[in-house]
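S.K.: Take a look at the following structure, please.
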Amino acid sequence: MKIQKKQNKKNKVLILIAVILLSITGYSLISYKFKFWPFIHNQFNAVTEEQKTAGQDIKKRSLNDASNKSEKESSGQKSKTLQGSDPSPEPTPSSNGKKPTVGVSITTTTVDKESSTLYIRSLIQTISSSGRCTLSMHNTSGQTYSNSVELQAGPSTSSCKGFNVPLSQLSPGKWTINIHYEDNNVTGDTEGEITI
Amino acid sequence: MKKLILKLGILTSMCLGMILSSTPASAVLNDFDPGNIMDDAVATNYGSMSANQIQSFLNSKVPQCDTNGAKPASEFGRPDITHAQYAASKGWHSPPYTCLRDYKTKDGRSAAQLIFDVSQKYHVNPQLLIVLLQKEQALVTDTWPTRGQFKSATGYGCPDTAACDSKYFGLENQLEWAAKHFHYIITRNPNWFSPYTTGINFVQWSPNAACGGSNVNIQNWTTAALYSYTPYQPNAAAMSSGYGVGDGCSAYGNRNFYNYFTDWFGDTRSSSSFSCKNGQNIPNVETGARIIPTRINGNNDTLTISIPNNTGSKCAEMHTWANSNLQAWSQHTATNSYTFNQQYSKVISRKVNSKNTVLTKVDYNGTASGRVEFHTWTQDGLRWLAHTATSAGPIDPLFSEVITADTDGDGNDEYYLINYEQTNSGMIEVHGWNNNGTSWFRHTATSHPSASMNTGRVIAADLDGDKKDEFIYVKYDNTTSGLIEFHVWDSSLKNWVRHTASNYPESGYVIGSNDIVAADLQGRGKDTIYYVKYRGTTNNTVEVHGWGDGQQSWASHISTSSGVY
């Protein structure tokens, strides 16, 4: 009888150890996932090698970009803005004395049924507030819509100041969208489609 | 059994070993969501760091600056020459090279102070600005930054026709423009156009259009602002290389933004609550406590007391009573907002459905957008739900105020601007906003002549239980009856439905110490009008006295559990 009691006690201790081990594992996994102690973020930690190296790459790109631009400025080309990450490409030179071209793209065309409006937004790969955007739309029946707006300069690109087209002026069906951008120095075009 | 324990022990050790060995030195890019790079609650958490904490943070990232450029230029592949020599070889300027942590303006303000000040001005998380400085020019980690890096510190370009040096370039200008960019887009300022909006947008992989891109369902205005800042999303190669280099079609701005933010400050999407950090009470400014009706998943209102200043937590506070007895509290909140002056901002309640209200901080003037702004809290008061730069210019709180009312009976309150004095029509005017404040649906010159707010105020209440609020002109001074009067308009605001002289003398009403609030505390399906005394009460507690329907007798008197203000 005494031997059996000892065995029971031993089993209880082992079960207790198993429960403790499982609890430690469980807490570790949960705290890792949800960033409890000891995995809590400490914003005052020293910078890691990876972060430092990435910072050095950013600096190199920025200073090289600045050097390139200052070389172009000294050779007479207009470029007075320094840019950080992912700068827009330089304008593409055109032949026949035409203005260089910059990238223009349509970022979104959204129909808002509540306000019966088609919202068209665009991206111009130059930083300017002096240019003008012209929207031209046509459908297969020969119907057209056009409008012209000014430009909003952004941090690294620009945007046409919003084309909000009343749906009452667009009959149902497929429409082709053209956006033309032009300022004193550069020009650019893009085309898209939307079904009303 | 022993074997089982042994196996469990080994399993535990393996799990812990795996976790510890994979403790992130860098961000987990698996969590990068191109449609939700950062949410609005995190981006607008402008109370996340004090100026001192920002300084400590900057110090921690650069323990030693190479101000004299004396260290080897190893990172540029030239360990044989010093930074200063390398700079000279490239035609860059000579030392000193001032680290961001040591930067000072001519009038002695530190970079940390500039970051803090602009974050408060534009309600932008200072951590967001810190990460911008890093992802654009590496200014946070750089031990020898050049003047050129400070010139374009946040990478905010100068338009062709602008005066770049005075308006755009330099740390202060760059922080200002960056914060303004986020603020204007997040608050949907009607005069600020951005190339990206919420919803489906086409986002390129890189500045090279030939690389293509993909449609991204942008879920919030902060992410739209990030793409409007750097209009490219990381491609698979950029995503799989951590902080490293991807391929010829990779862009890094938004990826690095996400990496640095998550590594330094945690989740870019609010998984936890915030309260303002290291706030301060504003000296010589009144506490400005006000009682507001609130409803939290129920069929009846309770009351919340908002305390904008002189709080224990040094953040703006909200204290909500559990029920209509107004004796026990259900919620005490030190909000994410710093303390504010009640003269320029006011907290109001807005019904968002039949069972819930949210609180909105209305900034009347002195806003970054130059407009009346609405900043709406989540129900816990710890995060921002929405920010709106309204269609109204700044207003003088001595002549105008913003209230809410459900006048169409759809269960949601609309915002109304009430102009009491200096109106074009010479009458008290009521202007109704729709789209949460971005456009108008109504402009009405009421039948009451223009009058000072010291004489009376317009309140909204559903007195007849038809689910639509009526506008009531409450007159508490210069009345013909000598009593507080209630003048109820019909829906046109041109005709009166009734005029009631209450049972309470107007001489008893003291502006600033007393208030009149409409709420349905009992769940009757219609509002009761309450007379609130913030101070000067018998038991030194805030008192709430409820009028009976018709406002000619009292239905309840409550000495609440709140001390006086």
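Identifiers for the structure tokens are assigned positionally: chains receive A, B, ... in sequence, residues are indexed from 1 per chain, and ligands are indexed from 1 in the order shown.
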Report the residues of segment 105-140 of chain B whose backbone DSSP state falls under alpha helix (DSSP H), written as a PyMOL selection string.
M.R.: chain B and resi 111-122+126-137
S.K.: Please list as number ranges by chain every residue within 9 Å of Pro72 of chain B, counting only C-alpha atoms and excluding residues in the same chain fewer than 6 positions away.
M.R.: B: 78-84, 86
S.K.: What does the file look like for those residues with N, CA, C and O atoms, as a PDB file, in the first residue's frame?
M.R.:
ATOM      1  N   ARG B  78      35.243  53.240 -48.714  1.00  0.00           N
ATOM      2  CA  ARG B  78      36.537  53.911 -48.615  1.00  0.00           C
ATOM      3  C   ARG B  78      36.984  53.983 -47.149  1.00  0.00           C
ATOM      4  O   ARG B  78      37.037  55.062 -46.548  1.00  0.00           O
ATOM      5  N   PRO B  79      37.361  52.833 -46.569  1.00  0.00           N
ATOM      6  CA  PRO B  79      37.821  52.867 -45.167  1.00  0.00           C
ATOM      7  C   PRO B  79      39.161  53.573 -45.012  1.00  0.00           C
ATOM      8  O   PRO B  79      39.588  53.868 -43.895  1.00  0.00           O
ATOM      9  N   ASP B  80      39.811  53.851 -46.138  1.00  0.00           N
ATOM     10  CA  ASP B  80      41.142  54.474 -46.086  1.00  0.00           C
ATOM     11  C   ASP B  80      41.087  55.989 -45.892  1.00  0.00           C
ATOM     12  O   ASP B  80      42.106  56.618 -45.610  1.00  0.00           O
ATOM     13  N   ILE B  81      39.896  56.589 -46.097  1.00  0.00           N
ATOM     14  CA  ILE B  81      39.791  58.043 -45.906  1.00  0.00           C
ATOM     15  C   ILE B  81      38.657  58.367 -44.933  1.00  0.00           C
ATOM     16  O   ILE B  81      37.801  57.508 -44.668  1.00  0.00           O
ATOM     17  N   THR B  82      38.680  59.570 -44.419  1.00  0.00           N
ATOM     18  CA  THR B  82      37.653  59.955 -43.437  1.00  0.00           C
ATOM     19  C   THR B  82      36.377  60.420 -44.171  1.00  0.00           C
ATOM     20  O   THR B  82      36.400  60.676 -45.380  1.00  0.00           O
ATOM     21  N   HIS B  83      35.313  60.524 -43.384  1.00  0.00           N
ATOM     22  CA  HIS B  83      34.059  61.050 -43.948  1.00  0.00           C
ATOM     23  C   HIS B  83      34.277  62.426 -44.563  1.00  0.00           C
ATOM     24  O   HIS B  83      33.771  62.730 -45.639  1.00  0.00           O
ATOM     25  N   ALA B  84      35.031  63.271 -43.851  1.00  0.00           N
ATOM     26  CA  ALA B  84      35.267  64.637 -44.352  1.00  0.00           C
ATOM     27  C   ALA B  84      36.014  64.582 -45.682  1.00  0.00           C
ATOM     28  O   ALA B  84      35.691  65.333 -46.621  1.00  0.00           O
ATOM     29  N   TYR B  86      36.036  62.048 -47.765  1.00  0.00           N
ATOM     30  CA  TYR B  86      35.142  61.482 -48.778  1.00  0.00           C
ATOM     31  C   TYR B  86      34.181  62.562 -49.300  1.00  0.00           C
ATOM     32  O   TYR B  86      33.939  62.685 -50.501  1.00  0.00           O
TER      33      TYR B  86
END
S.K.: Just the residues within 7 Å of Ile218 of chain B, please, counting only C-alpha atoms, with nothing from its chain fewer than 4 positions along; format it as number ranges by chain.
M.R.: B: 35-36, 198-201, 223-224
S.K.: One decimal, in Å: what's the spacing between atom CA of Gly279 of chain B and atom CA of Met49 of chain B?
M.R.: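 Atom CA of Gly279 of chain B sits 9.2 Å away from atom CA of Met49 of chain B.
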S.K.: Can you list, as a VMD selection string, every protein, DNA or RNA residue that comes within 10 Å of Pro145 of chain B when you count only C-alpha atoms, leaving out same-chain residues fewer than 6 positions away?
M.R.: (chain A and resid 59) or (chain B and resid 65 to 67 69 95 to 100 137 to 139)
S.K.: Print the selection's residues with N, CA and C atoms to a file, as a compact mmCIF listing (two decimals), in the first residue's frame.
M.R.:
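Produced file out.txt, reproduced below:
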# COMPACT_ATOMS: atom_id res chain seq x y z
N LYS A 59 20.83 57.15 -47.72
CA LYS A 59 21.68 58.34 -47.83
C LYS A 59 22.43 58.35 -49.18
N CYS B 65 27.91 60.99 -32.56
CA CYS B 65 27.89 61.61 -33.89
C CYS B 65 29.32 61.83 -34.38
N ASP B 66 29.48 61.74 -35.68
CA ASP B 66 30.79 62.03 -36.27
C ASP B 66 30.75 63.47 -36.82
N THR B 67 30.60 64.40 -35.88
CA THR B 67 30.39 65.80 -36.26
C THR B 67 31.54 66.35 -37.09
N GLY B 69 33.49 64.56 -39.00
CA GLY B 69 33.77 63.72 -40.17
C GLY B 69 35.09 63.01 -40.09
N PRO B 95 32.99 69.61 -42.75
CA PRO B 95 32.36 69.57 -41.43
C PRO B 95 32.07 70.99 -40.93
N PRO B 96 31.22 71.19 -39.97
CA PRO B 96 30.62 70.14 -39.14
C PRO B 96 29.42 69.46 -39.79
N TYR B 97 29.21 68.21 -39.42
CA TYR B 97 28.03 67.45 -39.82
C TYR B 97 27.17 67.25 -38.56
N THR B 98 26.06 67.94 -38.51
CA THR B 98 25.24 67.93 -37.29
C THR B 98 24.21 66.82 -37.34
N CYS B 99 24.23 65.95 -36.36
CA CYS B 99 23.23 64.87 -36.30
C CYS B 99 21.85 65.46 -36.00
N LEU B 100 20.85 64.70 -36.36
CA LEU B 100 19.47 65.14 -36.09
C LEU B 100 19.27 65.39 -34.60
N GLN B 137 15.64 60.43 -45.83
CA GLN B 137 17.03 60.89 -45.80
C GLN B 137 17.90 60.20 -44.77
N ALA B 138 17.37 59.17 -44.11
CA ALA B 138 18.14 58.42 -43.10
C ALA B 138 18.63 59.32 -41.97
N LEU B 139 17.91 60.39 -41.70
CA LEU B 139 18.40 61.37 -40.73
C LEU B 139 18.42 60.84 -39.29
S.K.: Please, what distance in Å, to one decimal, runs between atom CA of Asn45 of chain B and atom CA of Asn336 of chain B?
M.R.: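 About the pair atom CA of Asn45 of chain B and atom CA of Asn336 of chain B: they are 6.9 Å apart.
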S.K.: Give me, please, the distance in Å between atom CA of Lys135 of chain B and atom CA of Thr53 of chain A, quoted to one decimal.
M.R.: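 Straight-line distance from atom CA of Lys135 of chain B to atom CA of Thr53 of chain A works out to 12.2 Å.
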S.K.: Taking only C-alpha atoms into account, report as a short mmCIF file (atom, residue, chain, number, x, y, z; two decimals) with all heavy atoms, in the first residue's frame which residues of chain A lie within 7 Å of chain B.
M.R.:
data_model
loop_
_atom_site.label_atom_id
_atom_site.label_comp_id
_atom_site.auth_asym_id
_atom_site.auth_seq_id
_atom_site.Cartn_x
_atom_site.Cartn_y
_atom_site.Cartn_z
N LEU A 14 5.03 14.83 -11.53
CA LEU A 14 5.32 14.84 -12.96
C LEU A 14 4.24 15.58 -13.74
O LEU A 14 4.51 16.34 -14.68
CB LEU A 14 5.46 13.40 -13.48
CG LEU A 14 6.72 12.67 -13.00
CD1 LEU A 14 6.69 11.21 -13.40
CD2 LEU A 14 7.97 13.33 -13.57
N ALA A 18 4.58 18.86 -16.06
CA ALA A 18 4.06 18.91 -17.44
C ALA A 18 3.19 20.15 -17.63
O ALA A 18 3.29 20.86 -18.64
CB ALA A 18 3.26 17.65 -17.73
N LEU A 21 5.39 23.24 -17.81
CA LEU A 21 6.07 23.33 -19.11
C LEU A 21 5.12 23.79 -20.21
O LEU A 21 5.44 24.63 -21.04
CB LEU A 21 6.69 21.97 -19.49
CG LEU A 21 7.95 21.58 -18.69
CD1 LEU A 21 8.37 20.17 -19.05
CD2 LEU A 21 9.09 22.55 -18.98
N THR A 25 5.28 27.24 -22.44
CA THR A 25 5.24 27.23 -23.91
C THR A 25 4.09 28.10 -24.42
O THR A 25 4.25 28.91 -25.33
CB THR A 25 5.04 25.78 -24.43
OG1 THR A 25 6.00 24.96 -23.81
CG2 THR A 25 5.21 25.71 -25.94
N SER A 28 4.75 31.76 -23.90
CA SER A 28 5.80 32.22 -24.82
C SER A 28 5.22 32.49 -26.20
O SER A 28 5.51 33.52 -26.82
CB SER A 28 6.91 31.17 -24.93
OG SER A 28 7.47 30.94 -23.68
N HIS A 41 7.96 45.76 -27.58
CA HIS A 41 8.82 46.65 -28.36
C HIS A 41 9.46 47.67 -27.45
O HIS A 41 8.80 48.27 -26.62
CB HIS A 41 7.96 47.43 -29.37
CG HIS A 41 7.79 46.71 -30.64
ND1 HIS A 41 8.77 46.64 -31.59
CD2 HIS A 41 6.74 46.01 -31.12
CE1 HIS A 41 8.32 45.93 -32.62
NE2 HIS A 41 7.10 45.53 -32.36
N GLN A 43 11.26 51.09 -28.01
CA GLN A 43 11.63 52.03 -29.08
C GLN A 43 12.99 52.67 -28.85
O GLN A 43 13.54 53.29 -29.75
CB GLN A 43 10.55 53.09 -29.23
CG GLN A 43 10.33 53.94 -28.00
CD GLN A 43 9.04 54.74 -28.10
OE1 GLN A 43 8.07 54.29 -28.66
NE2 GLN A 43 9.06 55.92 -27.54
N PHE A 44 13.53 52.51 -27.62
CA PHE A 44 14.81 53.15 -27.33
C PHE A 44 16.00 52.20 -27.51
O PHE A 44 17.12 52.54 -27.15
CB PHE A 44 14.79 53.74 -25.90
CG PHE A 44 13.70 54.75 -25.72
CD1 PHE A 44 12.58 54.47 -24.96
CD2 PHE A 44 13.77 55.99 -26.35
CE1 PHE A 44 11.56 55.41 -24.82
CE2 PHE A 44 12.77 56.93 -26.20
CZ PHE A 44 11.65 56.64 -25.44
N ASN A 45 15.73 51.02 -28.07
CA ASN A 45 16.84 50.11 -28.36
C ASN A 45 17.78 50.74 -29.37
O ASN A 45 17.36 51.54 -30.21
CB ASN A 45 16.31 48.79 -28.95
CG ASN A 45 15.77 47.88 -27.85
OD1 ASN A 45 16.06 48.09 -26.68
ND2 ASN A 45 14.99 46.89 -28.24
N ALA A 46 19.04 50.30 -29.31
CA ALA A 46 20.01 50.79 -30.30
C ALA A 46 19.61 50.32 -31.69
O ALA A 46 18.90 49.31 -31.84
CB ALA A 46 21.39 50.27 -29.95
N VAL A 47 20.03 51.07 -32.68
CA VAL A 47 19.70 50.73 -34.05
C VAL A 47 20.43 49.44 -34.44
O VAL A 47 21.56 49.20 -34.01
CB VAL A 47 20.07 51.93 -34.97
CG1 VAL A 47 21.56 52.15 -35.03
CG2 VAL A 47 19.50 51.80 -36.33
N THR A 48 19.77 48.57 -35.20
CA THR A 48 20.39 47.30 -35.60
C THR A 48 21.29 47.54 -36.82
O THR A 48 21.16 48.56 -37.51
CB THR A 48 19.32 46.26 -35.96
OG1 THR A 48 18.62 46.73 -37.12
CG2 THR A 48 18.35 46.03 -34.82
N GLU A 50 21.11 46.04 -39.58
CA GLU A 50 20.25 46.04 -40.76
C GLU A 50 19.65 47.43 -41.00
O GLU A 50 19.63 47.94 -42.12
CB GLU A 50 19.14 45.02 -40.53
CG GLU A 50 18.47 44.51 -41.77
CD GLU A 50 17.38 43.51 -41.43
OE1 GLU A 50 16.96 43.45 -40.26
OE2 GLU A 50 16.95 42.80 -42.35
N LYS A 52 20.83 50.24 -39.83
CA LYS A 52 21.90 51.18 -40.12
C LYS A 52 22.30 51.08 -41.60
O LYS A 52 22.44 52.10 -42.29
CB LYS A 52 23.11 50.86 -39.23
CG LYS A 52 24.09 52.01 -39.10
CD LYS A 52 25.38 51.61 -38.43
CE LYS A 52 25.20 51.29 -36.96
NZ LYS A 52 26.48 50.90 -36.34
N ALA A 54 20.50 49.95 -44.06
CA ALA A 54 19.41 50.47 -44.90
C ALA A 54 19.46 52.00 -44.92
O ALA A 54 19.26 52.62 -45.97
CB ALA A 54 18.07 50.00 -44.37
N GLY A 55 19.78 52.59 -43.77
CA GLY A 55 19.89 54.05 -43.70
C GLY A 55 21.03 54.55 -44.58
O GLY A 55 20.89 55.57 -45.27
N GLN A 56 22.14 53.83 -44.56
CA GLN A 56 23.27 54.24 -45.41
C GLN A 56 22.90 54.15 -46.89
O GLN A 56 23.29 55.01 -47.69
CB GLN A 56 24.49 53.36 -45.10
CG GLN A 56 25.12 53.69 -43.75
CD GLN A 56 26.03 52.59 -43.23
OE1 GLN A 56 26.14 51.53 -43.82
NE2 GLN A 56 26.68 52.87 -42.11
N ILE A 58 19.91 54.56 -48.10
CA ILE A 58 19.01 55.70 -48.36
C ILE A 58 19.84 56.96 -48.58
O ILE A 58 19.60 57.73 -49.52
CB ILE A 58 18.03 55.89 -47.17
CG1 ILE A 58 17.03 54.73 -47.12
CG2 ILE A 58 17.29 57.22 -47.29
CD1 ILE A 58 16.22 54.66 -45.82
N LYS A 59 20.83 57.15 -47.72
CA LYS A 59 21.68 58.34 -47.83
C LYS A 59 22.43 58.35 -49.18
O LYS A 59 22.48 59.38 -49.86
CB LYS A 59 22.69 58.36 -46.67
CG LYS A 59 23.68 59.52 -46.73
CD LYS A 59 24.55 59.55 -45.50
CE LYS A 59 25.51 60.72 -45.57
NZ LYS A 59 26.18 60.97 -44.31
N SER A 62 20.10 59.21 -51.99
CA SER A 62 19.69 60.61 -51.94
C SER A 62 20.82 61.53 -52.40
O SER A 62 20.61 62.43 -53.21
CB SER A 62 19.27 60.97 -50.51
OG SER A 62 19.06 62.33 -50.42
N THR A 81 14.89 70.53 -57.37
CA THR A 81 14.38 69.83 -56.22
C THR A 81 15.19 68.58 -55.93
O THR A 81 15.52 67.82 -56.82
CB THR A 81 12.91 69.41 -56.44
OG1 THR A 81 12.85 68.66 -57.64
CG2 THR A 81 12.02 70.60 -56.53
N LEU A 82 15.51 68.41 -54.65
CA LEU A 82 16.16 67.18 -54.21
C LEU A 82 15.05 66.28 -53.71
O LEU A 82 14.10 66.73 -53.10
CB LEU A 82 17.11 67.49 -53.05
CG LEU A 82 18.13 68.59 -53.28
CD1 LEU A 82 18.91 68.84 -52.02
CD2 LEU A 82 19.05 68.21 -54.43
N GLN A 83 15.16 65.00 -53.97
CA GLN A 83 14.11 64.10 -53.54
C GLN A 83 14.69 62.94 -52.76
O GLN A 83 15.85 62.59 -52.90
CB GLN A 83 13.34 63.57 -54.74
CG GLN A 83 12.50 64.65 -55.39
CD GLN A 83 11.77 64.13 -56.60
OE1 GLN A 83 11.31 63.01 -56.61
NE2 GLN A 83 11.69 64.94 -57.62
N GLY A 84 13.86 62.35 -51.93
CA GLY A 84 14.29 61.21 -51.13
C GLY A 84 14.00 59.91 -51.82
O GLY A 84 14.47 59.66 -52.92
N SER A 85 13.18 59.10 -51.18
CA SER A 85 12.95 57.75 -51.69
C SER A 85 12.17 57.77 -53.00
O SER A 85 11.27 58.59 -53.19
CB SER A 85 12.19 56.94 -50.65
OG SER A 85 10.95 57.52 -50.40
N ASP A 86 12.51 56.87 -53.88
CA ASP A 86 11.78 56.63 -55.12
C ASP A 86 11.45 57.91 -55.89
O ASP A 86 10.27 58.21 -56.14
CB ASP A 86 10.47 55.87 -54.81
CG ASP A 86 10.72 54.64 -53.96
OD1 ASP A 86 11.75 53.98 -54.20
OD2 ASP A 86 9.88 54.34 -53.10
N SER A 88 10.80 60.53 -58.92
CA SER A 88 10.21 60.34 -60.25
C SER A 88 11.32 60.35 -61.30
O SER A 88 12.34 61.02 -61.12
CB SER A 88 9.24 61.49 -60.56
OG SER A 88 8.14 61.41 -59.71
N PRO A 89 11.13 59.60 -62.37
CA PRO A 89 12.15 59.62 -63.42
C PRO A 89 12.25 61.00 -64.07
O PRO A 89 11.28 61.77 -64.05
CB PRO A 89 11.63 58.57 -64.43
CG PRO A 89 10.21 58.34 -64.09
CD PRO A 89 9.99 58.76 -62.68
N THR A 107 -5.07 56.97 -61.71
CA THR A 107 -4.95 56.12 -60.52
C THR A 107 -6.28 55.50 -60.12
O THR A 107 -6.34 54.37 -59.66
CB THR A 107 -4.41 56.93 -59.33
OG1 THR A 107 -5.19 58.12 -59.20
CG2 THR A 107 -2.96 57.29 -59.53
N THR A 108 -7.36 56.25 -60.29
CA THR A 108 -8.66 55.67 -59.92
C THR A 108 -9.80 56.31 -60.70
O THR A 108 -9.77 57.51 -61.00
CB THR A 108 -8.92 55.78 -58.39
OG1 THR A 108 -10.12 55.10 -58.07
CG2 THR A 108 -9.02 57.22 -57.92
N ARG A 121 -9.06 60.35 -60.82
CA ARG A 121 -7.85 60.90 -60.20
C ARG A 121 -6.63 60.44 -61.00
O ARG A 121 -6.64 59.37 -61.61
CB ARG A 121 -7.72 60.42 -58.74
CG ARG A 121 -8.86 60.91 -57.84
CD ARG A 121 -8.77 62.41 -57.61
NE ARG A 121 -9.85 62.90 -56.76
CZ ARG A 121 -10.99 63.41 -57.20
NH1 ARG A 121 -11.22 63.49 -58.51
NH2 ARG A 121 -11.91 63.85 -56.36
N SER A 122 -5.59 61.27 -60.95
CA SER A 122 -4.44 60.98 -61.81
C SER A 122 -3.13 61.34 -61.10
O SER A 122 -3.13 62.06 -60.10
CB SER A 122 -4.55 61.80 -63.08
OG SER A 122 -4.67 63.16 -62.73
N LEU A 123 -2.06 60.82 -61.65
CA LEU A 123 -0.73 61.05 -61.09
C LEU A 123 0.16 61.59 -62.20
O LEU A 123 0.21 61.02 -63.29
CB LEU A 123 -0.18 59.71 -60.59
CG LEU A 123 1.20 59.71 -59.94
CD1 LEU A 123 1.08 60.21 -58.50
CD2 LEU A 123 1.78 58.31 -59.93
N ILE A 127 6.87 67.56 -60.15
CA ILE A 127 6.30 68.38 -59.07
C ILE A 127 6.05 69.78 -59.63
O ILE A 127 6.99 70.53 -59.87
CB ILE A 127 7.23 68.47 -57.87
CG1 ILE A 127 7.66 67.06 -57.43
CG2 ILE A 127 6.54 69.16 -56.70
CD1 ILE A 127 8.70 67.06 -56.34
N SER A 128 4.81 70.08 -59.85
CA SER A 128 4.47 71.36 -60.47
C SER A 128 3.13 71.85 -59.93
O SER A 128 2.27 71.06 -59.56
CB SER A 128 4.38 71.18 -61.99
OG SER A 128 3.88 72.36 -62.57
N SER A 129 2.99 73.16 -59.88
CA SER A 129 1.67 73.71 -59.54
C SER A 129 1.24 74.69 -60.62
O SER A 129 0.24 75.38 -60.46
CB SER A 129 1.73 74.39 -58.17
OG SER A 129 2.77 75.34 -58.16
N SER A 130 2.01 74.73 -61.70
CA SER A 130 1.69 75.73 -62.73
C SER A 130 1.05 75.11 -63.98
O SER A 130 0.59 75.84 -64.85
CB SER A 130 2.97 76.45 -63.14
OG SER A 130 3.86 75.54 -63.75
N GLN A 152 -2.29 70.18 -58.62
CA GLN A 152 -1.93 70.23 -57.19
C GLN A 152 -0.56 69.57 -57.04
O GLN A 152 -0.39 68.40 -57.37
CB GLN A 152 -2.96 69.44 -56.38
CG GLN A 152 -2.55 69.08 -54.97
CD GLN A 152 -2.96 70.13 -53.97
OE1 GLN A 152 -4.13 70.49 -53.91
NE2 GLN A 152 -2.01 70.62 -53.21
N ALA A 153 0.41 70.32 -56.54
CA ALA A 153 1.75 69.74 -56.32
C ALA A 153 1.72 68.87 -55.07
O ALA A 153 1.10 69.21 -54.07
CB ALA A 153 2.77 70.85 -56.14
N GLY A 154 2.38 67.72 -55.15
CA GLY A 154 2.49 66.83 -54.00
C GLY A 154 3.95 66.69 -53.59
O GLY A 154 4.82 67.39 -54.13
N PRO A 155 4.25 65.79 -52.65
CA PRO A 155 5.63 65.66 -52.17
C PRO A 155 6.61 65.22 -53.25
O PRO A 155 7.72 65.72 -53.33
CB PRO A 155 5.53 64.60 -51.08
CG PRO A 155 4.11 64.60 -50.68
CD PRO A 155 3.32 64.96 -51.89
N SER A 156 6.21 64.25 -54.10
CA SER A 156 7.15 63.75 -55.10
C SER A 156 6.55 63.72 -56.50
O SER A 156 7.25 63.45 -57.46
CB SER A 156 7.61 62.34 -54.72
OG SER A 156 6.50 61.48 -54.64
N SER A 159 -0.85 66.08 -58.99
CA SER A 159 -2.13 65.48 -59.29
C SER A 159 -3.03 66.54 -59.92
O SER A 159 -3.00 67.70 -59.50
CB SER A 159 -2.76 64.97 -57.99
OG SER A 159 -4.04 64.49 -58.21
N LYS A 161 -6.30 68.55 -60.24
CA LYS A 161 -7.18 68.91 -59.11
C LYS A 161 -8.56 68.29 -59.24
O LYS A 161 -9.59 68.96 -59.12
CB LYS A 161 -7.28 70.43 -58.99
CG LYS A 161 -6.07 71.05 -58.30
CD LYS A 161 -6.31 72.49 -57.96
CE LYS A 161 -5.17 73.04 -57.10
NZ LYS A 161 -5.32 74.47 -56.83
N GLY A 162 -8.58 67.02 -59.53
CA GLY A 162 -9.81 66.25 -59.44
C GLY A 162 -10.80 66.48 -60.56
O GLY A 162 -11.29 67.59 -60.74
#
